[in-house]
$ cat target26.pdb   # PDB, C-alpha atoms, pLDDT in the B column
ATOM      1  CA  MET L 397     123.876  48.594 -92.051  1.00 80.00           C
ATOM      2  CA  SER L 398     124.064  50.039 -95.544  1.00 87.00           C
ATOM      3  CA  LEU L 399     127.258  49.837 -97.560  1.00 90.00           C
ATOM      4  CA  LYS L 400     127.766  53.592 -97.275  1.00 92.00           C
ATOM      5  CA  GLU L 401     127.509  53.395 -93.467  1.00 93.00           C
ATOM      6  CA  GLN L 402     129.983  50.506 -93.483  1.00 94.00           C
ATOM      7  CA  ILE L 403     132.460  52.588 -95.502  1.00 94.00           C
ATOM      8  CA  THR L 404     132.107  55.458 -93.007  1.00 94.00           C
ATOM      9  CA  GLU L 405     132.706  53.075 -90.092  1.00 96.00           C
ATOM     10  CA  ASP L 406     135.767  51.675 -91.866  1.00 95.00           C
ATOM     11  CA  MET L 407     137.095  55.212 -92.260  1.00 95.00           C
ATOM     12  CA  LYS L 408     136.770  55.779 -88.507  1.00 96.00           C
ATOM     13  CA  THR L 409     138.527  52.470 -87.839  1.00 96.00           C
ATOM     14  CA  ALA L 410     141.364  53.405 -90.205  1.00 96.00           C
ATOM     15  CA  MET L 411     141.697  56.764 -88.434  1.00 96.00           C
ATOM     16  CA  ARG L 412     141.949  55.099 -85.021  1.00 97.00           C
ATOM     17  CA  ALA L 413     144.485  52.586 -86.368  1.00 96.00           C
ATOM     18  CA  LYS L 414     146.460  55.407 -87.995  1.00 95.00           C
ATOM     19  CA  ASP L 415     146.383  53.439 -91.278  1.00 94.00           C
ATOM     20  CA  ALA L 416     147.117  56.387 -93.589  1.00 94.00           C
ATOM     21  CA  GLU L 417     147.084  54.395 -96.834  1.00 93.00           C
ATOM     22  CA  ARG L 418     143.683  52.775 -96.179  1.00 95.00           C
ATOM     23  CA  LEU L 419     142.288  56.031 -94.801  1.00 95.00           C
ATOM     24  CA  GLY L 420     143.278  57.964 -97.923  1.00 95.00           C
ATOM     25  CA  THR L 421     141.607  55.445-100.226  1.00 96.00           C
ATOM     26  CA  ILE L 422     138.413  55.356 -98.167  1.00 96.00           C
ATOM     27  CA  ARG L 423     138.303  59.155 -98.140  1.00 96.00           C
ATOM     28  CA  LEU L 424     138.622  59.167-101.953  1.00 96.00           C
ATOM     29  CA  LEU L 425     135.708  56.739-102.130  1.00 95.00           C
ATOM     30  CA  LEU L 426     133.553  58.790 -99.764  1.00 96.00           C
ATOM     31  CA  ALA L 427     134.357  61.941-101.764  1.00 96.00           C
ATOM     32  CA  ALA L 428     133.215  60.204-104.970  1.00 95.00           C
ATOM     33  CA  LEU L 429     129.996  59.078-103.256  1.00 95.00           C
ATOM     34  CA  LYS L 430     129.307  62.559-101.891  1.00 96.00           C
ATOM     35  CA  GLN L 431     130.015  64.109-105.312  1.00 96.00           C
ATOM     36  CA  LYS L 432     127.444  61.808-106.941  1.00 94.00           C
ATOM     37  CA  GLU L 433     124.859  62.646-104.270  1.00 93.00           C
ATOM     38  CA  VAL L 434     125.404  66.382-104.614  1.00 94.00           C
ATOM     39  CA  ASP L 435     125.500  66.371-108.427  1.00 94.00           C
ATOM     40  CA  GLU L 436     122.314  64.370-108.833  1.00 92.00           C
ATOM     41  CA  ARG L 437     120.582  65.419-105.586  1.00 93.00           C
ATOM     42  CA  ILE L 438     119.911  61.819-104.590  1.00 91.00           C
ATOM     43  CA  GLU L 439     120.575  59.489-101.686  1.00 90.00           C
ATOM     44  CA  LEU L 440     122.765  56.597-102.851  1.00 88.00           C
ATOM     45  CA  ASP L 441     121.582  53.041-102.251  1.00 87.00           C
ATOM     46  CA  ASP L 442     123.886  50.009-102.121  1.00 84.00           C
ATOM     47  CA  VAL L 443     123.563  49.282-105.858  1.00 81.00           C
ATOM     48  CA  MET L 444     124.699  52.812-106.746  1.00 87.00           C
ATOM     49  CA  VAL L 445     127.551  52.637-104.230  1.00 90.00           C
ATOM     50  CA  ILE L 446     128.724  49.349-105.766  1.00 87.00           C
ATOM     51  CA  ALA L 447     128.607  50.927-109.238  1.00 86.00           C
ATOM     52  CA  ILE L 448     130.813  53.805-108.066  1.00 92.00           C
ATOM     53  CA  VAL L 449     133.270  51.460-106.355  1.00 91.00           C
ATOM     54  CA  ASP L 450     133.369  49.348-109.521  1.00 87.00           C
ATOM     55  CA  LYS L 451     134.127  52.457-111.587  1.00 91.00           C
ATOM     56  CA  LEU L 452     136.933  53.500-109.225  1.00 94.00           C
ATOM     57  CA  VAL L 453     138.457  50.006-109.364  1.00 92.00           C
ATOM     58  CA  LYS L 454     138.348  50.073-113.172  1.00 91.00           C
ATOM     59  CA  GLN L 455     140.070  53.481-113.190  1.00 95.00           C
ATOM     60  CA  ARG L 456     142.781  52.157-110.872  1.00 95.00           C
ATOM     61  CA  LYS L 457     143.332  49.083-113.078  1.00 93.00           C
ATOM     62  CA  ASP L 458     143.722  51.328-116.137  1.00 95.00           C
ATOM     63  CA  SER L 459     146.200  53.470-114.198  1.00 96.00           C
ATOM     64  CA  VAL L 460     148.221  50.415-113.141  1.00 95.00           C
ATOM     65  CA  THR L 461     148.526  49.392-116.787  1.00 95.00           C
ATOM     66  CA  ALA L 462     149.575  52.883-117.852  1.00 96.00           C
ATOM     67  CA  PHE L 463     152.095  53.291-115.017  1.00 95.00           C
ATOM     68  CA  THR L 464     153.595  49.854-115.624  1.00 95.00           C
ATOM     69  CA  GLU L 465     154.032  50.598-119.338  1.00 95.00           C
ATOM     70  CA  GLY L 466     155.558  53.956-118.434  1.00 94.00           C
ATOM     71  CA  GLY L 467     158.085  52.379-116.092  1.00 94.00           C
ATOM     72  CA  ARG L 468     156.616  53.901-112.915  1.00 95.00           C
ATOM     73  CA  GLN L 469     156.304  50.809-110.738  1.00 95.00           C
ATOM     74  CA  ASP L 470     156.067  52.948-107.572  1.00 95.00           C
ATOM     75  CA  LEU L 471     152.836  54.554-108.804  1.00 95.00           C
ATOM     76  CA  ALA L 472     151.511  51.241-110.125  1.00 95.00           C
ATOM     77  CA  ASP L 473     152.034  49.701-106.668  1.00 95.00           C
ATOM     78  CA  LYS L 474     150.155  52.569-105.022  1.00 95.00           C
ATOM     79  CA  GLU L 475     147.201  52.101-107.381  1.00 95.00           C
ATOM     80  CA  SER L 476     147.262  48.333-106.781  1.00 95.00           C
ATOM     81  CA  SER L 477     147.048  48.832-103.031  1.00 95.00           C
ATOM     82  CA  GLU L 478     144.066  51.172-103.539  1.00 95.00           C
ATOM     83  CA  ILE L 479     142.370  48.472-105.642  1.00 94.00           C
ATOM     84  CA  LYS L 480     142.716  46.014-102.748  1.00 94.00           C
ATOM     85  CA  VAL L 481     141.057  48.472-100.340  1.00 94.00           C
ATOM     86  CA  LEU L 482     138.208  49.233-102.771  1.00 94.00           C
ATOM     87  CA  GLU L 483     137.506  45.614-103.703  1.00 91.00           C
ATOM     88  CA  VAL L 484     136.472  44.919-100.097  1.00 92.00           C
ATOM     89  CA  TYR L 485     133.245  46.817-100.837  1.00 90.00           C
ATOM     90  CA  LEU L 486     132.366  44.832-103.960  1.00 87.00           C
ATOM     91  CA  PRO L 487     130.266  41.664-103.777  1.00 82.00           C
ATOM     92  CA  LYS L 488     131.900  38.355-104.687  1.00 81.00           C
ATOM     93  CA  ARG L 489     132.512  38.303-108.440  1.00 79.00           C
ATOM     94  CA  MET L 490     130.850  35.712-110.650  1.00 79.00           C
ATOM     95  CA  THR L 491     132.992  33.304-112.662  1.00 79.00           C
ATOM     96  CA  ALA L 492     132.896  33.331-116.478  1.00 79.00           C
ATOM     97  CA  GLU L 493     130.749  30.179-116.438  1.00 81.00           C
ATOM     98  CA  GLU L 494     128.240  31.703-114.001  1.00 83.00           C
ATOM     99  CA  VAL L 495     128.041  34.833-116.169  1.00 81.00           C
ATOM    100  CA  ALA L 496     127.439  32.764-119.321  1.00 83.00           C
ATOM    101  CA  VAL L 497     124.659  30.753-117.629  1.00 85.00           C
ATOM    102  CA  GLU L 498     122.958  33.896-116.313  1.00 84.00           C
ATOM    103  CA  VAL L 499     123.211  35.649-119.699  1.00 84.00           C
ATOM    104  CA  LYS L 500     121.725  32.644-121.525  1.00 85.00           C
ATOM    105  CA  ALA L 501     118.825  32.591-119.079  1.00 85.00           C
ATOM    106  CA  ILE L 502     118.159  36.310-119.634  1.00 84.00           C
ATOM    107  CA  VAL L 503     118.389  35.921-123.435  1.00 82.00           C
ATOM    108  CA  ALA L 504     115.848  33.082-123.292  1.00 82.00           C
ATOM    109  CA  GLU L 505     113.602  35.036-120.914  1.00 81.00           C
ATOM    110  CA  LEU L 506     113.566  38.094-123.197  1.00 77.00           C
ATOM    111  CA  GLY L 507     113.181  36.029-126.354  1.00 75.00           C
ATOM    112  CA  ALA L 508     116.182  37.745-127.931  1.00 70.00           C
ATOM    113  CA  SER L 509     116.927  36.341-131.361  1.00 73.00           C
ATOM    114  CA  GLY L 510     120.125  37.950-132.593  1.00 74.00           C
ATOM    115  CA  PRO L 511     122.692  40.751-132.408  1.00 76.00           C
ATOM    116  CA  GLY L 512     119.964  43.353-132.993  1.00 75.00           C
ATOM    117  CA  ASP L 513     118.639  42.632-129.500  1.00 75.00           C
ATOM    118  CA  MET L 514     121.983  43.394-127.815  1.00 79.00           C
ATOM    119  CA  GLY L 515     120.781  46.699-126.297  1.00 81.00           C
ATOM    120  CA  LYS L 516     117.661  45.165-124.802  1.00 79.00           C
ATOM    121  CA  VAL L 517     119.597  42.235-123.322  1.00 80.00           C
ATOM    122  CA  MET L 518     122.437  44.422-121.978  1.00 82.00           C
ATOM    123  CA  GLY L 519     119.935  46.707-120.241  1.00 81.00           C
ATOM    124  CA  THR L 520     118.468  43.786-118.329  1.00 82.00           C
ATOM    125  CA  VAL L 521     121.837  42.148-117.679  1.00 82.00           C
ATOM    126  CA  LYS L 522     123.337  45.369-116.287  1.00 80.00           C
ATOM    127  CA  THR L 523     120.580  45.725-113.693  1.00 77.00           C
ATOM    128  CA  ARG L 524     120.815  42.084-112.579  1.00 79.00           C
ATOM    129  CA  LEU L 525     124.585  41.675-112.573  1.00 76.00           C
ATOM    130  CA  ALA L 526     125.672  45.176-111.511  1.00 70.00           C
ATOM    131  CA  GLY L 527     128.720  44.834-109.287  1.00 68.00           C
ATOM    132  CA  LYS L 528     128.603  41.030-109.395  1.00 75.00           C
ATOM    133  CA  ALA L 529     130.467  40.603-112.666  1.00 77.00           C
ATOM    134  CA  ASP L 530     132.964  42.436-114.851  1.00 75.00           C
ATOM    135  CA  MET L 531     130.899  44.221-117.519  1.00 76.00           C
ATOM    136  CA  GLY L 532     133.506  43.528-120.216  1.00 78.00           C
ATOM    137  CA  GLN L 533     133.108  39.840-119.517  1.00 80.00           C
ATOM    138  CA  VAL L 534     129.305  40.222-119.490  1.00 83.00           C
ATOM    139  CA  SER L 535     129.318  42.011-122.846  1.00 82.00           C
ATOM    140  CA  ALA L 536     131.374  39.224-124.421  1.00 84.00           C
ATOM    141  CA  ALA L 537     128.980  36.621-122.977  1.00 84.00           C
ATOM    142  CA  VAL L 538     125.960  38.501-124.386  1.00 84.00           C
ATOM    143  CA  LYS L 539     127.580  38.708-127.838  1.00 84.00           C
ATOM    144  CA  ALA L 540     128.354  34.999-127.730  1.00 82.00           C
ATOM    145  CA  ALA L 541     124.835  34.096-126.592  1.00 81.00           C
ATOM    146  CA  LEU L 542     123.189  36.271-129.247  1.00 79.00           C
ATOM    147  CA  SER L 543     125.410  35.032-132.064  1.00 79.00           C
ATOM    148  CA  GLY L 544     124.547  31.482-131.024  1.00 69.00           C
ATOM    149  CA  ALA L 545     120.827  32.364-130.902  1.00 52.00           C
ATOM    150  CA  ALA L 546     120.835  33.738-134.445  1.00 43.00           C
TER
END
$ encode --input "target26.pdb" --output "structure tokens"
Amino acid sequence: MSLKEQITEDMKTAMRAKDAERLGTIRLLLAALKQKEVDERIELDDVMVIAIVDKLVKQRKDSVTAFTEGGRQDLADKESSEIKVLEVYLPKRMTAEEVAVEVKAIVAELGASGPGDMGKVMGTVKTRLAGKADMGQVSAAVKAALSGAA
């Protein structure tokens, strides 16, 4: 079963369970997936679905920060609960050490020699680690690996 089919099944389950909070979040996710398919006239595969879920989680995390700073804990809590629902659809995240090891292997494989090769390395890293690692963490690991390679 594809990830998109799993999300649809989870929506039906949430409807039957009358879990309004979970249902609302899943519907938001399905709307974002449908929007992407319609805009680009494509059928989403699991990698693209994970990328969209990752983007939605990042947006929610930014909102939590903003709401907390603004003193709106009620809204921050709502966003946090949505993050928990969305994270179910993401693969297990890699640790910082695993990311560093993977990045070093890719740098060696590509023969990257310094900061000028950042774009080339990031392109490869993004395809291999999409959805498996936080891209901010990956970017820092690539910078560290390339500065050490120089």
$ residues_around --input "target26.pdb" --residues "range 486-499 of chain L" --least-positions-apart "3" --cutoff "7 Å" --atoms "all atoms listed in the file" --output "ChimeraX atom specification"
/L:446,483,502-503,521,527-529,534,537-538
$ atom_distance --input "target26.pdb" --atom1 "CA of Ser543 in chain L" --atom2 "CA of Gly510 in chain L"
6.1 Å
$ atom_distance --input "target26.pdb" --atom1 "CA of Leu482 in chain L" --atom2 "CA of Val449 in chain L"
6.5 Å
$ atom_distance --input "target26.pdb" --atom1 "CA of Gly507 in chain L" --atom2 "CA of Leu542 in chain L"
10.4 Å
$ residues_near_point --input "target26.pdb" --point "(128.3, 56.6, -107.9)" --cutoff "6 Å" --atoms "all atoms listed in the file" --output "VMD selection string"
chain L and resid 429 432 444 to 445 447 to 448
$ write_last_selection --input "target26.pdb" --atoms "C-alpha atoms" --output "JSON list (two decimals), in the frame of the given file"
[["chain", "number", "residue", "atom", "x", "y", "z"],
["L", 429, "LEU", "CA", 130.00, 59.08, -103.26],
["L", 432, "LYS", "CA", 127.44, 61.81, -106.94],
["L", 444, "MET", "CA", 124.70, 52.81, -106.75],
["L", 445, "VAL", "CA", 127.55, 52.64, -104.23],
["L", 447, "ALA", "CA", 128.61, 50.93, -109.24],
["L", 448, "ILE", "CA", 130.81, 53.80, -108.07]]
$ closest_residue --input "target26.pdb" --among "L:Asp442, L:Glu417, L:Glu475, L:Glu433" --to "Gln402 in chain L" --atoms "all atoms listed in the file"
L:Asp442
$ resolve_selection --input "target26.pdb" --expression "the PyMOL selection byres ((chain L and resi 478) around 10)" --output "PyMOL selection string"
chain L and resi 417-418+420-422+424+452-453+456-457+472-477+479-483
$ residues_around --input "target26.pdb" --residues "Arg423 in chain L" --least-positions-apart "6" --cutoff "10 Å" --atoms "all atoms listed in the file" --output "mmCIF file with C-alpha atoms, in the frame of the given file"
data_model
loop_
_atom_site.group_PDB
_atom_site.id
_atom_site.type_symbol
_atom_site.label_atom_id
_atom_site.label_comp_id
_atom_site.auth_asym_id
_atom_site.auth_seq_id
_atom_site.Cartn_x
_atom_site.Cartn_y
_atom_site.Cartn_z
ATOM 1 C CA ILE L 403 132.460 52.588 -95.502
ATOM 2 C CA THR L 404 132.107 55.458 -93.007
ATOM 3 C CA MET L 407 137.095 55.212 -92.260
ATOM 4 C CA LEU L 429 129.996 59.078 -103.256
#
$ decode --input "target26.pdb" --residues "range 398-513 of chain L" --atoms "C-alpha atoms" --output "PDB file, in the first residue's frame"
ATOM      1  CA  SER L 398       1.386   3.395  -0.939  1.00  0.00           C
ATOM      2  CA  LEU L 399       1.743   6.131   1.647  1.00  0.00           C
ATOM      3  CA  LYS L 400      -1.034   8.144   0.013  1.00  0.00           C
ATOM      4  CA  GLU L 401      -3.407   5.157   0.231  1.00  0.00           C
ATOM      5  CA  GLN L 402      -2.435   4.693   3.879  1.00  0.00           C
ATOM      6  CA  ILE L 403      -3.279   8.340   4.608  1.00  0.00           C
ATOM      7  CA  THR L 404      -6.685   7.903   2.936  1.00  0.00           C
ATOM      8  CA  GLU L 405      -7.359   4.768   4.998  1.00  0.00           C
ATOM      9  CA  ASP L 406      -6.353   6.632   8.159  1.00  0.00           C
ATOM     10  CA  MET L 407      -8.822   9.377   7.268  1.00  0.00           C
ATOM     11  CA  LYS L 408     -11.622   6.807   7.002  1.00  0.00           C
ATOM     12  CA  THR L 409     -10.589   5.314  10.346  1.00  0.00           C
ATOM     13  CA  ALA L 410     -10.592   8.756  11.979  1.00  0.00           C
ATOM     14  CA  MET L 411     -14.065   9.403  10.544  1.00  0.00           C
ATOM     15  CA  ARG L 412     -15.413   6.139  11.964  1.00  0.00           C
ATOM     16  CA  ALA L 413     -13.797   6.871  15.342  1.00  0.00           C
ATOM     17  CA  LYS L 414     -15.201  10.411  15.278  1.00  0.00           C
ATOM     18  CA  ASP L 415     -11.681  11.718  16.027  1.00  0.00           C
ATOM     19  CA  ALA L 416     -12.257  15.289  14.808  1.00  0.00           C
ATOM     20  CA  GLU L 417      -8.762  16.574  15.609  1.00  0.00           C
ATOM     21  CA  ARG L 418      -6.956  13.768  13.744  1.00  0.00           C
ATOM     22  CA  LEU L 419      -9.476  13.901  10.901  1.00  0.00           C
ATOM     23  CA  GLY L 420      -8.942  17.631  10.388  1.00  0.00           C
ATOM     24  CA  THR L 421      -5.166  17.244  10.203  1.00  0.00           C
ATOM     25  CA  ILE L 422      -5.366  14.322   7.781  1.00  0.00           C
ATOM     26  CA  ARG L 423      -7.775  16.280   5.588  1.00  0.00           C
ATOM     27  CA  LEU L 424      -5.302  19.200   5.524  1.00  0.00           C
ATOM     28  CA  LEU L 425      -2.586  16.779   4.439  1.00  0.00           C
ATOM     29  CA  LEU L 426      -4.736  15.222   1.719  1.00  0.00           C
ATOM     30  CA  ALA L 427      -5.678  18.705   0.470  1.00  0.00           C
ATOM     31  CA  ALA L 428      -1.977  19.620   0.216  1.00  0.00           C
ATOM     32  CA  LEU L 429      -1.271  16.386  -1.683  1.00  0.00           C
ATOM     33  CA  LYS L 430      -4.178  16.952  -4.066  1.00  0.00           C
ATOM     34  CA  GLN L 431      -3.095  20.574  -4.627  1.00  0.00           C
ATOM     35  CA  LYS L 432       0.405  19.424  -5.620  1.00  0.00           C
ATOM     36  CA  GLU L 433      -1.023  16.813  -8.000  1.00  0.00           C
ATOM     37  CA  VAL L 434      -3.373  19.291  -9.646  1.00  0.00           C
ATOM     38  CA  ASP L 435      -0.806  22.103  -9.883  1.00  0.00           C
ATOM     39  CA  GLU L 436       1.890  19.958 -11.448  1.00  0.00           C
ATOM     40  CA  ARG L 437      -0.370  17.408 -13.190  1.00  0.00           C
ATOM     41  CA  ILE L 438       1.495  14.473 -11.668  1.00  0.00           C
ATOM     42  CA  GLU L 439       0.771  11.403  -9.582  1.00  0.00           C
ATOM     43  CA  LEU L 440       2.629  11.652  -6.265  1.00  0.00           C
ATOM     44  CA  ASP L 441       4.918   8.809  -5.225  1.00  0.00           C
ATOM     45  CA  ASP L 442       5.944   8.089  -1.627  1.00  0.00           C
ATOM     46  CA  VAL L 443       9.066  10.283  -1.808  1.00  0.00           C
ATOM     47  CA  MET L 444       7.007  13.302  -2.897  1.00  0.00           C
ATOM     48  CA  VAL L 445       4.386  12.605  -0.224  1.00  0.00           C
ATOM     49  CA  ILE L 446       7.113  12.475   2.439  1.00  0.00           C
ATOM     50  CA  ALA L 447       8.509  15.794   1.174  1.00  0.00           C
ATOM     51  CA  ILE L 448       5.081  17.426   1.507  1.00  0.00           C
ATOM     52  CA  VAL L 449       4.537  15.988   4.985  1.00  0.00           C
ATOM     53  CA  ASP L 450       8.006  17.209   5.970  1.00  0.00           C
ATOM     54  CA  LYS L 451       7.153  20.698   4.701  1.00  0.00           C
ATOM     55  CA  LEU L 452       3.874  20.744   6.648  1.00  0.00           C
ATOM     56  CA  VAL L 453       5.658  19.637   9.833  1.00  0.00           C
ATOM     57  CA  LYS L 454       8.245  22.399   9.384  1.00  0.00           C
ATOM     58  CA  GLN L 455       5.461  24.972   8.922  1.00  0.00           C
ATOM     59  CA  ARG L 456       3.760  23.745  12.097  1.00  0.00           C
ATOM     60  CA  LYS L 457       7.030  23.949  14.069  1.00  0.00           C
ATOM     61  CA  ASP L 458       7.536  27.541  12.890  1.00  0.00           C
ATOM     62  CA  SER L 459       3.960  28.340  13.921  1.00  0.00           C
ATOM     63  CA  VAL L 460       4.470  26.812  17.376  1.00  0.00           C
ATOM     64  CA  THR L 461       7.496  29.052  17.887  1.00  0.00           C
ATOM     65  CA  ALA L 462       5.614  32.141  16.733  1.00  0.00           C
ATOM     66  CA  PHE L 463       2.521  31.380  18.834  1.00  0.00           C
ATOM     67  CA  THR L 464       4.595  30.635  21.928  1.00  0.00           C
ATOM     68  CA  GLU L 465       6.489  33.924  21.565  1.00  0.00           C
ATOM     69  CA  GLY L 466       3.181  35.714  21.046  1.00  0.00           C
ATOM     70  CA  GLY L 467       1.691  34.257  24.210  1.00  0.00           C
ATOM     71  CA  ARG L 468      -0.918  32.124  22.419  1.00  0.00           C
ATOM     72  CA  GLN L 469      -0.310  28.755  24.057  1.00  0.00           C
ATOM     73  CA  ASP L 470      -3.747  27.489  22.944  1.00  0.00           C
ATOM     74  CA  LEU L 471      -2.779  27.851  19.274  1.00  0.00           C
ATOM     75  CA  ALA L 472       0.712  26.474  19.899  1.00  0.00           C
ATOM     76  CA  ASP L 473      -0.842  23.362  21.477  1.00  0.00           C
ATOM     77  CA  LYS L 474      -3.123  22.884  18.472  1.00  0.00           C
ATOM     78  CA  GLU L 475      -0.162  23.078  16.084  1.00  0.00           C
ATOM     79  CA  SER L 476       1.818  20.658  18.272  1.00  0.00           C
ATOM     80  CA  SER L 477      -0.976  18.102  18.136  1.00  0.00           C
ATOM     81  CA  GLU L 478      -1.059  18.435  14.326  1.00  0.00           C
ATOM     82  CA  ILE L 479       2.705  17.796  14.239  1.00  0.00           C
ATOM     83  CA  LYS L 480       2.183  14.527  16.131  1.00  0.00           C
ATOM     84  CA  VAL L 481      -0.433  13.370  13.599  1.00  0.00           C
ATOM     85  CA  LEU L 482       1.755  14.319  10.612  1.00  0.00           C
ATOM     86  CA  GLU L 483       4.954  12.765  11.956  1.00  0.00           C
ATOM     87  CA  VAL L 484       3.315   9.323  11.789  1.00  0.00           C
ATOM     88  CA  TYR L 485       3.760   9.484   8.002  1.00  0.00           C
ATOM     89  CA  LEU L 486       7.469  10.320   8.109  1.00  0.00           C
ATOM     90  CA  PRO L 487      10.122   7.593   8.139  1.00  0.00           C
ATOM     91  CA  LYS L 488      12.272   7.194  11.248  1.00  0.00           C
ATOM     92  CA  ARG L 489      14.641  10.162  11.466  1.00  0.00           C
ATOM     93  CA  MET L 490      18.395   9.672  11.337  1.00  0.00           C
ATOM     94  CA  THR L 491      20.537  10.775  14.276  1.00  0.00           C
ATOM     95  CA  ALA L 492      23.152  13.525  13.858  1.00  0.00           C
ATOM     96  CA  GLU L 493      25.908  10.890  13.828  1.00  0.00           C
ATOM     97  CA  GLU L 494      24.174   8.849  11.113  1.00  0.00           C
ATOM     98  CA  VAL L 495      23.719  12.010   9.031  1.00  0.00           C
ATOM     99  CA  ALA L 496      27.402  12.942   9.412  1.00  0.00           C
ATOM    100  CA  VAL L 497      28.531   9.440   8.365  1.00  0.00           C
ATOM    101  CA  GLU L 498      26.236   9.426   5.327  1.00  0.00           C
ATOM    102  CA  VAL L 499      27.328  12.935   4.279  1.00  0.00           C
ATOM    103  CA  LYS L 500      31.024  12.021   4.558  1.00  0.00           C
ATOM    104  CA  ALA L 501      30.431   8.963   2.392  1.00  0.00           C
ATOM    105  CA  ILE L 502      28.670  11.064  -0.266  1.00  0.00           C
ATOM    106  CA  VAL L 503      31.422  13.722  -0.182  1.00  0.00           C
ATOM    107  CA  ALA L 504      34.050  11.009  -0.702  1.00  0.00           C
ATOM    108  CA  GLU L 505      31.986   9.352  -3.444  1.00  0.00           C
ATOM    109  CA  LEU L 506      31.597  12.630  -5.360  1.00  0.00           C
ATOM    110  CA  GLY L 507      35.204  13.661  -4.802  1.00  0.00           C
ATOM    111  CA  ALA L 508      34.105  17.017  -3.400  1.00  0.00           C
ATOM    112  CA  SER L 509      37.070  19.086  -2.295  1.00  0.00           C
ATOM    113  CA  GLY L 510      35.735  22.218  -0.641  1.00  0.00           C
ATOM    114  CA  PRO L 511      32.899  24.684  -0.050  1.00  0.00           C
ATOM    115  CA  GLY L 512      32.610  25.322  -3.800  1.00  0.00           C
ATOM    116  CA  ASP L 513      31.168  21.824  -4.203  1.00  0.00           C
TER     117      ASP L 513
END
